[in-house]
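Text of target-v4.txt, listed as compact mmCIF, C-alpha atoms:
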```txt
# COMPACT_ATOMS: atom_id res chain seq x y z
CA MET A 12 0.00 0.00 0.00
CA ALA A 13 1.62 3.24 -1.15
CA PHE A 14 0.61 6.48 0.54
CA LYS A 15 1.14 10.03 -0.63
CA THR A 16 1.54 12.65 2.06
CA TYR A 17 0.27 16.21 2.38
CA TYR A 18 0.53 18.67 5.22
CA HIS A 19 -2.78 20.35 4.55
CA VAL A 20 -3.07 24.13 4.30
CA ILE A 21 -5.97 25.16 6.56
CA PRO A 22 -7.02 28.57 7.84
CA SER A 23 -7.06 29.22 11.54
CA PHE A 24 -10.65 29.53 12.59
CA ASN A 25 -9.78 32.43 14.86
CA THR A 26 -6.90 34.17 13.10
CA GLY A 27 -7.15 33.58 9.35
CA ILE A 28 -3.41 32.81 9.24
CA TYR A 29 -2.48 29.84 7.14
CA LEU A 30 -0.24 26.92 7.86
CA PHE A 31 2.55 26.11 5.48
CA ALA A 32 2.15 23.12 3.18
CA VAL A 33 4.51 20.32 2.37
CA LEU A 34 3.89 17.77 -0.34
CA ILE A 35 5.82 14.57 -0.64
CA SER A 36 5.07 12.64 -3.79
CA ALA A 37 7.05 10.06 -5.72
CA GLY A 38 10.10 10.75 -3.61
CA VAL A 39 10.12 14.50 -4.45
CA ARG A 40 9.49 17.12 -1.77
CA TYR A 41 7.71 20.36 -2.59
CA SER A 42 7.50 23.11 0.02
CA SER A 43 5.97 26.56 0.11
CA LYS A 44 7.92 29.36 1.71
CA THR A 45 7.72 28.98 5.45
CA PRO A 46 6.30 32.14 7.11
CA ASP A 47 8.28 33.79 9.89
CA THR A 48 5.66 32.76 12.43
CA ILE A 49 3.62 29.60 12.00
CA GLN A 50 0.21 29.95 13.61
CA ILE A 51 -1.31 26.73 14.92
CA ALA A 52 -4.69 26.46 13.24
CA ILE A 53 -6.19 24.39 16.08
CA PRO A 54 -5.69 25.65 19.64
CA ALA A 55 -4.70 22.18 20.86
CA LYS A 56 -1.89 19.73 20.37
CA VAL A 57 -2.80 16.47 22.11
CA PHE A 58 -5.81 14.70 20.56
CA SER A 59 -6.57 11.79 22.87
CA SER A 60 -10.09 10.61 21.92
CA VAL A 61 -12.26 10.86 18.79
CA ILE A 62 -15.79 9.97 17.67
CA VAL A 63 -17.84 10.69 14.54
CA ASP A 64 -21.50 11.70 14.75
CA ASP A 65 -24.33 10.96 12.32
CA ASN A 66 -23.62 14.19 10.42
CA ASN A 67 -20.00 13.10 9.88
CA VAL A 68 -18.65 15.74 12.26
CA LYS A 69 -15.46 14.66 13.99
CA TRP A 70 -15.27 15.36 17.75
CA PHE A 71 -11.97 15.26 19.63
CA ILE A 72 -10.96 15.38 23.27
CA THR A 73 -7.89 17.60 23.64
CA GLU A 74 -5.97 19.29 26.42
CA ALA A 75 -7.82 22.51 25.49
CA GLY A 76 -11.29 20.97 25.64
CA ILE A 77 -13.66 19.65 22.98
CA VAL A 78 -12.67 20.34 19.36
CA SER A 79 -14.80 19.58 16.31
CA PHE A 80 -14.17 19.44 12.57
CA ASP A 81 -17.11 19.46 10.15
CA GLY A 82 -14.99 19.05 7.02
CA GLU A 83 -14.41 22.77 6.60
CA LYS A 84 -13.95 24.37 9.99
CA TRP A 85 -12.12 23.41 13.16
CA LYS A 86 -13.70 24.76 16.32
CA LEU A 87 -12.89 24.77 20.02
CA HIS A 88 -16.11 24.65 22.02
CA GLY A 89 -15.29 26.90 24.94
CA ASP A 90 -18.15 29.40 24.88
CA ASN A 91 -20.60 27.35 26.94
CA ALA A 92 -19.64 27.49 30.61
CA MET A 93 -21.62 24.29 31.31
CA ILE A 94 -19.54 22.12 28.97
CA PRO A 95 -16.57 20.53 30.79
CA LYS A 96 -13.19 21.60 29.48
CA GLU A 97 -10.51 20.21 31.79
CA ASN A 98 -9.25 16.69 32.52
CA LEU A 99 -11.56 15.16 29.93
CA LYS A 100 -10.95 11.45 29.46
CA SER A 101 -13.09 10.05 26.65
CA ILE A 102 -16.00 10.90 24.38
CA ALA A 103 -18.90 8.87 22.99
CA TYR A 104 -21.84 9.65 20.73
CA GLY A 105 -25.43 8.59 21.19
CA SER A 106 -28.67 9.29 19.36
CA GLY A 107 -32.27 8.51 20.22
CA THR A 108 -35.83 9.77 20.35
CA SER A 109 -34.80 12.62 22.64
CA GLY A 110 -32.11 13.78 20.23
CA SER A 111 -28.41 13.23 19.79
CA GLY A 112 -25.59 14.17 22.09
CA LEU A 113 -21.99 13.82 23.15
CA TRP A 114 -21.17 11.85 26.29
CA ILE A 115 -17.99 12.93 28.06
CA SER A 116 -16.21 11.20 30.94
CA THR A 117 -14.59 13.43 33.55
CA PRO A 118 -13.32 13.16 37.14
CA ASP A 119 -16.48 15.01 38.19
CA GLY A 120 -19.07 12.82 36.51
CA ALA A 121 -20.51 11.86 33.12
CA SER A 122 -21.65 14.84 31.07
CA VAL A 123 -24.09 14.71 28.18
CA VAL A 124 -24.03 17.64 25.75
CA LYS A 125 -26.95 18.00 23.37
CA LEU A 126 -26.24 18.63 19.69
CA PRO A 127 -25.80 21.04 18.02
CA VAL A 128 -23.24 22.58 20.37
CA ASN A 129 -23.35 26.33 20.97
CA GLN A 130 -23.14 28.73 23.89
CA ASP A 131 -26.71 27.85 24.96
CA THR A 132 -26.51 24.08 24.46
CA GLU A 133 -28.26 22.00 27.11
CA THR A 134 -25.78 20.07 29.25
CA LYS A 135 -26.27 17.68 32.16
CA THR A 136 -23.71 15.97 34.37
CA TYR A 137 -24.48 12.73 36.21
CA SER A 138 -22.71 12.16 39.53
CA PRO A 139 -23.57 10.39 42.81
CA ASP A 140 -25.07 13.69 43.94
CA ASN A 141 -27.96 13.44 41.48
CA SER A 142 -28.01 9.83 40.21
CA PRO A 143 -27.20 6.19 41.12
CA ILE A 144 -23.94 6.26 39.12
CA LEU A 145 -21.35 4.45 41.24
CA SER A 146 -18.72 7.20 41.32
CA ARG A 147 -18.12 10.72 40.08
CA ASN A 148 -14.73 9.62 38.69
CA VAL A 149 -15.86 8.38 35.27
CA LEU A 150 -13.04 6.75 33.31
CA SER A 151 -14.78 5.84 30.06
CA ILE A 152 -18.19 5.91 28.35
CA SER A 153 -19.49 3.66 25.58
CA ALA A 154 -22.70 3.42 23.55
CA GLY A 155 -24.05 1.16 20.84
CA LYS A 156 -27.07 1.52 18.56
CA ASN A 157 -29.65 1.14 21.32
CA PRO A 158 -30.38 3.61 24.16
CA VAL A 159 -28.02 2.01 26.72
CA ARG A 160 -25.12 4.20 27.87
CA TRP A 161 -22.30 2.47 29.76
CA PHE A 162 -20.11 4.23 32.32
CA ALA A 163 -16.86 2.83 33.73
CA THR A 164 -15.91 4.36 37.05
CA ASP A 165 -13.24 3.67 39.65
CA LYS A 166 -15.90 1.79 41.65
CA GLY A 167 -17.56 -0.26 38.96
CA ILE A 168 -19.72 -0.10 35.85
CA SER A 169 -23.04 1.73 35.68
CA ALA A 170 -25.55 1.89 32.85
CA LEU A 171 -28.41 4.20 31.89
CA ARG A 172 -31.26 3.30 29.55
CA ASN A 173 -33.97 5.79 28.64
CA GLU A 174 -33.36 7.79 31.83
CA LYS A 175 -33.54 4.61 33.95
CA TRP A 176 -30.43 3.38 35.76
CA LEU A 177 -29.87 -0.35 35.52
CA THR A 178 -29.55 -2.35 38.74
CA VAL A 179 -26.10 -3.83 39.36
CA TYR A 180 -26.11 -7.64 39.71
CA TYR A 181 -22.50 -8.43 38.85
CA GLU A 182 -20.75 -7.89 42.20
CA LEU A 183 -20.36 -11.64 42.87
CA THR A 184 -18.52 -12.00 39.55
CA TYR A 185 -16.67 -8.68 39.71
CA PRO A 186 -16.33 -7.33 43.28
CA PHE A 187 -16.36 -3.54 43.46
CA SER A 188 -12.85 -3.61 44.92
CA MET A 189 -11.66 -5.15 41.65
CA PHE A 190 -12.20 -1.87 39.82
CA GLU A 191 -9.93 -0.01 42.23
CA ALA A 192 -7.16 -2.60 41.91
CA PHE A 193 -7.61 -3.07 38.14
CA PRO A 194 -9.07 0.15 36.70
CA VAL A 195 -10.99 0.14 33.42
CA THR A 196 -8.88 1.56 30.60
CA SER A 197 -11.21 1.25 27.59
CA MET A 198 -14.61 -0.09 26.55
CA GLY A 199 -16.58 -1.26 23.54
CA THR A 200 -20.12 -2.52 23.07
CA SER A 201 -21.62 -5.18 20.89
CA PRO A 202 -23.17 -3.68 17.73
CA SER A 203 -26.57 -3.54 19.45
CA GLY A 204 -25.17 -2.02 22.62
CA ASP A 205 -26.56 -4.60 25.06
CA SER A 206 -23.20 -6.23 25.88
CA LEU A 207 -20.14 -4.38 27.11
CA TYR A 208 -16.48 -5.38 26.91
CA ALA A 209 -14.33 -3.45 29.38
CA GLY A 210 -10.54 -3.64 29.22
CA THR A 211 -8.66 -3.28 32.49
CA LYS A 212 -5.16 -2.59 33.65
CA GLY A 213 -4.06 -6.02 34.82
CA ALA A 214 -7.22 -8.14 34.88
CA GLY A 215 -7.90 -8.66 31.19
CA VAL A 216 -11.34 -8.00 29.74
CA ILE A 217 -14.55 -8.22 31.75
CA ARG A 218 -17.95 -8.61 30.10
CA VAL A 219 -21.31 -7.43 31.36
CA TYR A 220 -24.69 -7.33 29.70
CA ARG A 221 -28.17 -5.89 30.13
CA ASN A 222 -30.62 -8.60 31.05
CA GLU A 223 -34.37 -8.61 30.47
CA THR A 224 -35.11 -7.02 33.85
CA ASP A 225 -32.96 -4.00 33.01
CA ALA A 226 -30.12 -5.02 35.27
CA ILE A 227 -26.39 -5.38 34.64
CA SER A 228 -25.19 -8.97 34.96
CA GLY A 229 -21.69 -10.39 34.80
CA ALA A 230 -20.76 -12.68 31.96
CA SER A 231 -17.14 -13.85 32.04
CA VAL A 232 -13.53 -12.71 32.04
CA TYR A 233 -11.10 -12.82 29.13
CA SER A 234 -7.69 -13.20 30.71
CA LYS A 235 -4.43 -15.06 30.29
CA TRP A 236 -5.07 -16.97 33.49
CA GLY A 237 -8.50 -17.97 32.11
CA PRO A 238 -6.79 -19.63 30.30
CA ILE A 239 -7.40 -17.57 27.16
CA ILE A 240 -4.95 -16.63 24.45
CA LEU A 241 -4.46 -12.98 25.36
CA PRO A 242 -0.93 -11.59 24.95
CA SER A 243 -1.37 -9.55 28.15
CA ASP A 244 -3.94 -8.78 30.84
CA THR A 245 -3.19 -5.06 30.51
CA ILE A 246 -5.68 -3.80 27.93
CA TYR A 247 -5.33 -0.37 26.31
CA SER A 248 -8.03 -0.51 23.62
CA VAL A 249 -11.25 -2.37 22.86
CA PHE A 250 -12.95 -2.39 19.47
CA ILE A 251 -15.98 -4.47 18.49
CA ALA A 252 -16.19 -4.68 14.70
CA PRO A 253 -19.52 -4.47 12.80
CA ASP A 254 -19.34 -8.25 12.27
CA GLY A 255 -19.05 -8.79 16.04
CA ALA A 256 -15.36 -9.68 16.07
CA GLN A 257 -13.70 -8.46 19.28
CA TRP A 258 -10.31 -6.75 19.05
CA PHE A 259 -8.23 -6.02 22.14
CA GLY A 260 -5.08 -3.91 22.10
CA THR A 261 -2.64 -4.64 24.91
CA ASP A 262 0.90 -3.74 25.91
CA GLN A 263 2.09 -6.97 24.27
CA GLY A 264 0.17 -6.99 21.01
CA VAL A 265 -3.39 -7.40 19.70
CA ALA A 266 -5.86 -10.23 20.26
CA ARG A 267 -8.85 -10.99 18.04
CA HIS A 268 -11.73 -13.20 19.16
CA THR A 269 -14.64 -14.37 17.02
CA GLY A 270 -17.73 -16.39 17.82
CA ASN A 271 -19.38 -17.14 21.17
CA LYS A 272 -17.03 -19.79 22.54
CA THR A 273 -14.82 -18.09 25.11
CA LEU A 274 -11.80 -20.38 24.81
CA GLU A 275 -11.81 -20.77 21.02
CA ASN A 276 -11.17 -18.71 17.88
CA TRP A 277 -8.42 -16.43 19.17
CA LYS A 278 -5.62 -14.96 17.07
CA ILE A 279 -2.68 -12.84 18.20
CA PHE A 280 -0.83 -10.10 16.26
CA THR A 281 2.52 -8.64 17.36
CA VAL A 282 5.51 -6.83 15.89
CA GLU A 283 6.54 -10.19 14.47
CA HIS A 284 3.42 -10.01 12.28
CA GLY A 285 4.10 -6.43 11.22
CA LEU A 286 2.67 -4.24 14.01
CA ALA A 287 4.52 -0.95 14.41
CA ASP A 288 4.67 -1.63 18.15
CA ASN A 289 3.12 -4.05 20.62
CA LEU A 290 1.53 -1.31 22.76
CA VAL A 291 -1.75 -0.66 20.96
CA ARG A 292 -3.79 2.30 22.24
CA ALA A 293 -6.52 2.51 19.59
CA ILE A 294 -8.31 0.27 17.06
CA THR A 295 -10.92 0.87 14.35
CA SER A 296 -12.02 -0.56 11.01
CA ASP A 297 -12.80 1.08 7.67
CA SER A 298 -15.47 0.56 5.03
CA ASP A 299 -13.24 -1.96 3.23
CA GLY A 300 -13.02 -4.16 6.31
CA ARG A 301 -9.41 -3.27 7.07
CA VAL A 302 -8.53 -2.94 10.75
CA TRP A 303 -6.34 -0.04 11.92
CA PHE A 304 -4.13 -0.04 15.00
CA GLY A 305 -2.68 3.02 16.70
CA THR A 306 0.53 2.35 18.61
CA ARG A 307 3.18 4.43 20.33
CA LYS A 308 5.47 3.91 17.31
CA GLY A 309 3.11 4.50 14.40
CA ILE A 310 -0.02 3.05 12.83
CA SER A 311 -0.62 -0.38 11.33
CA VAL A 312 -3.37 -1.67 9.04
CA TYR A 313 -4.48 -5.30 8.68
CA ASN A 314 -6.09 -6.21 5.34
CA GLY A 315 -7.16 -9.69 6.38
CA SER A 316 -3.91 -11.40 5.41
CA SER A 317 -1.02 -9.08 6.24
CA ILE A 318 -0.12 -5.97 8.24
CA THR A 319 1.52 -2.81 6.90
CA SER A 320 2.84 -0.10 9.21
CA PHE A 321 3.44 3.64 8.77
CA THR A 322 5.37 6.23 10.77
CA MET A 323 6.39 9.89 10.60
CA LYS A 324 8.51 8.99 7.58
CA ASP A 325 5.25 8.23 5.76
CA GLY A 326 3.47 11.39 6.89
CA LEU A 327 2.28 10.96 10.47
CA ASN A 328 2.50 14.09 12.62
CA SER A 329 3.76 11.89 15.44
CA ASN A 330 4.40 8.20 15.93
CA ASN A 331 2.62 8.41 19.29
CA VAL A 332 -0.95 7.60 18.18
CA LEU A 333 -3.61 8.11 20.85
CA CYS A 334 -6.93 7.56 19.02
CA ILE A 335 -8.38 6.46 15.68
CA ALA A 336 -11.84 6.59 14.07
CA ALA A 337 -13.34 6.09 10.62
CA ASP A 338 -15.86 8.64 9.36
CA ARG A 339 -18.93 8.21 7.11
CA ASP A 340 -16.83 8.77 3.97
CA GLY A 341 -14.28 6.11 4.87
CA VAL A 342 -11.66 8.62 5.98
CA ILE A 343 -9.45 7.46 8.87
CA TRP A 344 -8.81 10.10 11.55
CA ILE A 345 -5.73 9.72 13.72
CA GLY A 346 -5.19 11.71 16.90
CA THR A 347 -1.63 12.07 18.16
CA ASP A 348 0.32 14.08 20.71
CA ASN A 349 1.20 16.49 17.88
CA GLY A 350 -2.02 17.17 16.00
CA VAL A 351 -4.26 15.13 13.72
CA ASN A 352 -3.82 13.11 10.54
CA SER A 353 -6.42 11.82 8.13
CA ILE A 354 -6.04 9.17 5.45
CA LYS A 355 -8.27 8.99 2.36
CA ASN A 356 -7.60 7.25 -0.94
CA ASP A 357 -4.07 6.42 0.25
CA VAL A 358 -3.29 10.10 0.94
CA PHE A 359 -2.16 11.46 4.30
CA LEU A 360 -3.32 14.90 5.42
CA GLY A 361 -1.68 16.51 8.46
CA TYR A 362 -3.35 19.08 10.71
CA LYS A 363 -1.40 20.95 13.40
```
Turn this file's structure into structure tokens for me.
Amino acid sequence: MAFKTYYHVIPSFNTGIYLFAVLISAGVRYSSKTPDTIQIAIPAKVFSSVIVDDNNVKWFITEAGIVSFDGEKWKLHGDNAMIPKENLKSIAYGSGTSGSGLWISTPDGASVVKLPVNQDTETKTYSPDNSPILSRNVLSISAGKNPVRWFATDKGISALRNEKWLTVYYELTYPFSMFEAFPVTSMGTSPSGDSLYAGTKGAGVIRVYRNETDAISGASVYSKWGPIILPSDTIYSVFIAPDGAQWFGTDQGVARHTGNKTLENWKIFTVEHGLADNLVRAITSDSDGRVWFGTRKGISVYNGSSITSFTMKDGLNSNNVLCIAADRDGVIWIGTDNGVNSIKNDVFLGYK
């Protein structure tokens, strides 16, 4: 797979100053004259989480707050005092009969921000002060196609469905103390949203599901001591593909599980198979069925038979990839600690 690379010229949404452009094509480098002062077009550098809404708007968690890109304009959403801006951890998107919104995990609760976002946008934060959520320290949020919203906290997993909090019935399988010793690092739901896979730091993957009485029940644990073929029990990323395949990024490589039999149908991918690095922080898939992995040393893409990896030499802003998502047009969006990249039709675009 051959990629061309562009550092895209984009106007600052608040200054009108343009970034310089660099084009690398067929081994030849073309560069415009670099201005004396390069204005960063986005008032953020570290892009740690990304989702895409139904209108194909990209939403990022950054150190400056929530940033969006609608295909033409980058915007920092700092005008609404009710929208959290500091220490944001992850972002999810949900839609339903009451409208669509962004779900944001913070140390002070789980915030839902109605769309569209403006200075008057309705915002609500769930914490133990006003809801049965188990803790105000929300580590991650996940949502599928149904109305269930899943919240991982430092004291366990809570879930909300149509403004009703689900009763917790999993404590015999997963004691609440487990979540303090082995905090949740990432989550992913089944395509429907009724089952949740939560990766932990040191205890593998735990599974919970919504039962018919609107309660959360424990299912089973995916862990090396299961025994299950996981390369590590420290999980950094969870991705459930549209076909139901479960992908888990760890600090020792990637595991894929298919089917419903816990101990069967596992496959492991490591640097020996072509991964850029074994520490995999983010996973997604594109419209062609390829699976993308974000690592601390670049990105890798699996086409079903082999893995190809790419680094800053190929056009990445940084090898330290923190998040990945595919949009409605099949574009891959890559958040790093030095801006954002997108890949479309084998072309890299860099945004800083």
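The environment of region 197-207 of chain A within 7 Å, counting only C-alpha atoms and disregarding residues fewer than 3 places along the same chain, consists of A:Ser151, A:Ser153, A:Ala154, A:Gly155, A:Lys156, A:Asn157, A:Val159, A:Gly210, A:Arg218, A:Val219, A:Tyr220, A:Arg221, A:Tyr247, A:Ser248, A:Val249, A:Phe250, A:Ile251, A:Pro253, A:Gly255.
Across the model, the gap from CA of Arg301 (chain A) to CA of Glu275 (chain A) is 22.5 Å.
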Residues within 12 Å of (-31.3, 13.4, 23.7), counting all atoms listed in the file, listed as a list in words: Tyr104, Gly105, Ser106, Gly107, Thr108, Ser109, Gly110, Ser111, Gly112, Leu113, Trp114, Val123, Val124, Lys125, Leu126, Pro127, Thr132, Glu133, Thr134, Lys135, Pro158, Arg160, Arg172, Asn173 and Glu174 of chain A
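Among the candidates A:Leu274, A:Leu333, A:Ala121, A:Val61, the residue lying nearest to Asn141 (chain A) is A:Ala121 (atoms considered: all atoms listed in the file).
Here the question is which of A:Ile310, A:Ile115, A:Ala252, A:Leu241 gets nearest to Thr269 (chain A) using all atoms listed in the file, and that residue is A:Ala252.
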Close residues, region 86-100 of chain A itself excluded, 7 Å, all atoms listed in the file, min 3 positions apart in chain, as a PyMOL selection string: chain A and resi 24+72+75-80+116-117+129-131+134+150-151
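Proximity of A:Arg307, A:Lys175, A:Lys278, A:Arg339 to Phe259 (chain A), computed with only C-alpha atoms, is greatest for A:Lys278.
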Taking every listed atom of region 259-276 of chain A and adding 4 Å to each side, what centre and edge lengths in Å (one decimal) does the axis-aligned box have, as AutoDock Vina command-line options?
```
--center_x -8.6 --center_y -12.3 --center_z 21.5 --size_x 29.5 --size_y 25.0 --size_z 16.9
```
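Nearest residue to Ile62 (chain A), choosing from A:Gly346, A:Gly361, A:Pro139, A:Gly215 and counting only C-alpha atoms: A:Gly346.
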Two-atom distance - CA of Lys363 (chain A), CA of Asp288 (chain A) (Å): 23.9 Å
May I have the residues within 8 Å of Tyr181 (chain A) as a tab-separated table (two decimals) with C-alpha atoms, keeping the file's coordinate frame, using only C-alpha atoms and disregarding those fewer than 4 positions away in the same chain?
```tsv
chain	number	residue	atom	x	y	z
A	185	TYR	CA	-16.67	-8.68	39.71
A	186	PRO	CA	-16.33	-7.33	43.28
A	219	VAL	CA	-21.31	-7.43	31.36
A	227	ILE	CA	-26.39	-5.38	34.64
A	228	SER	CA	-25.19	-8.97	34.96
A	229	GLY	CA	-21.69	-10.39	34.80
```
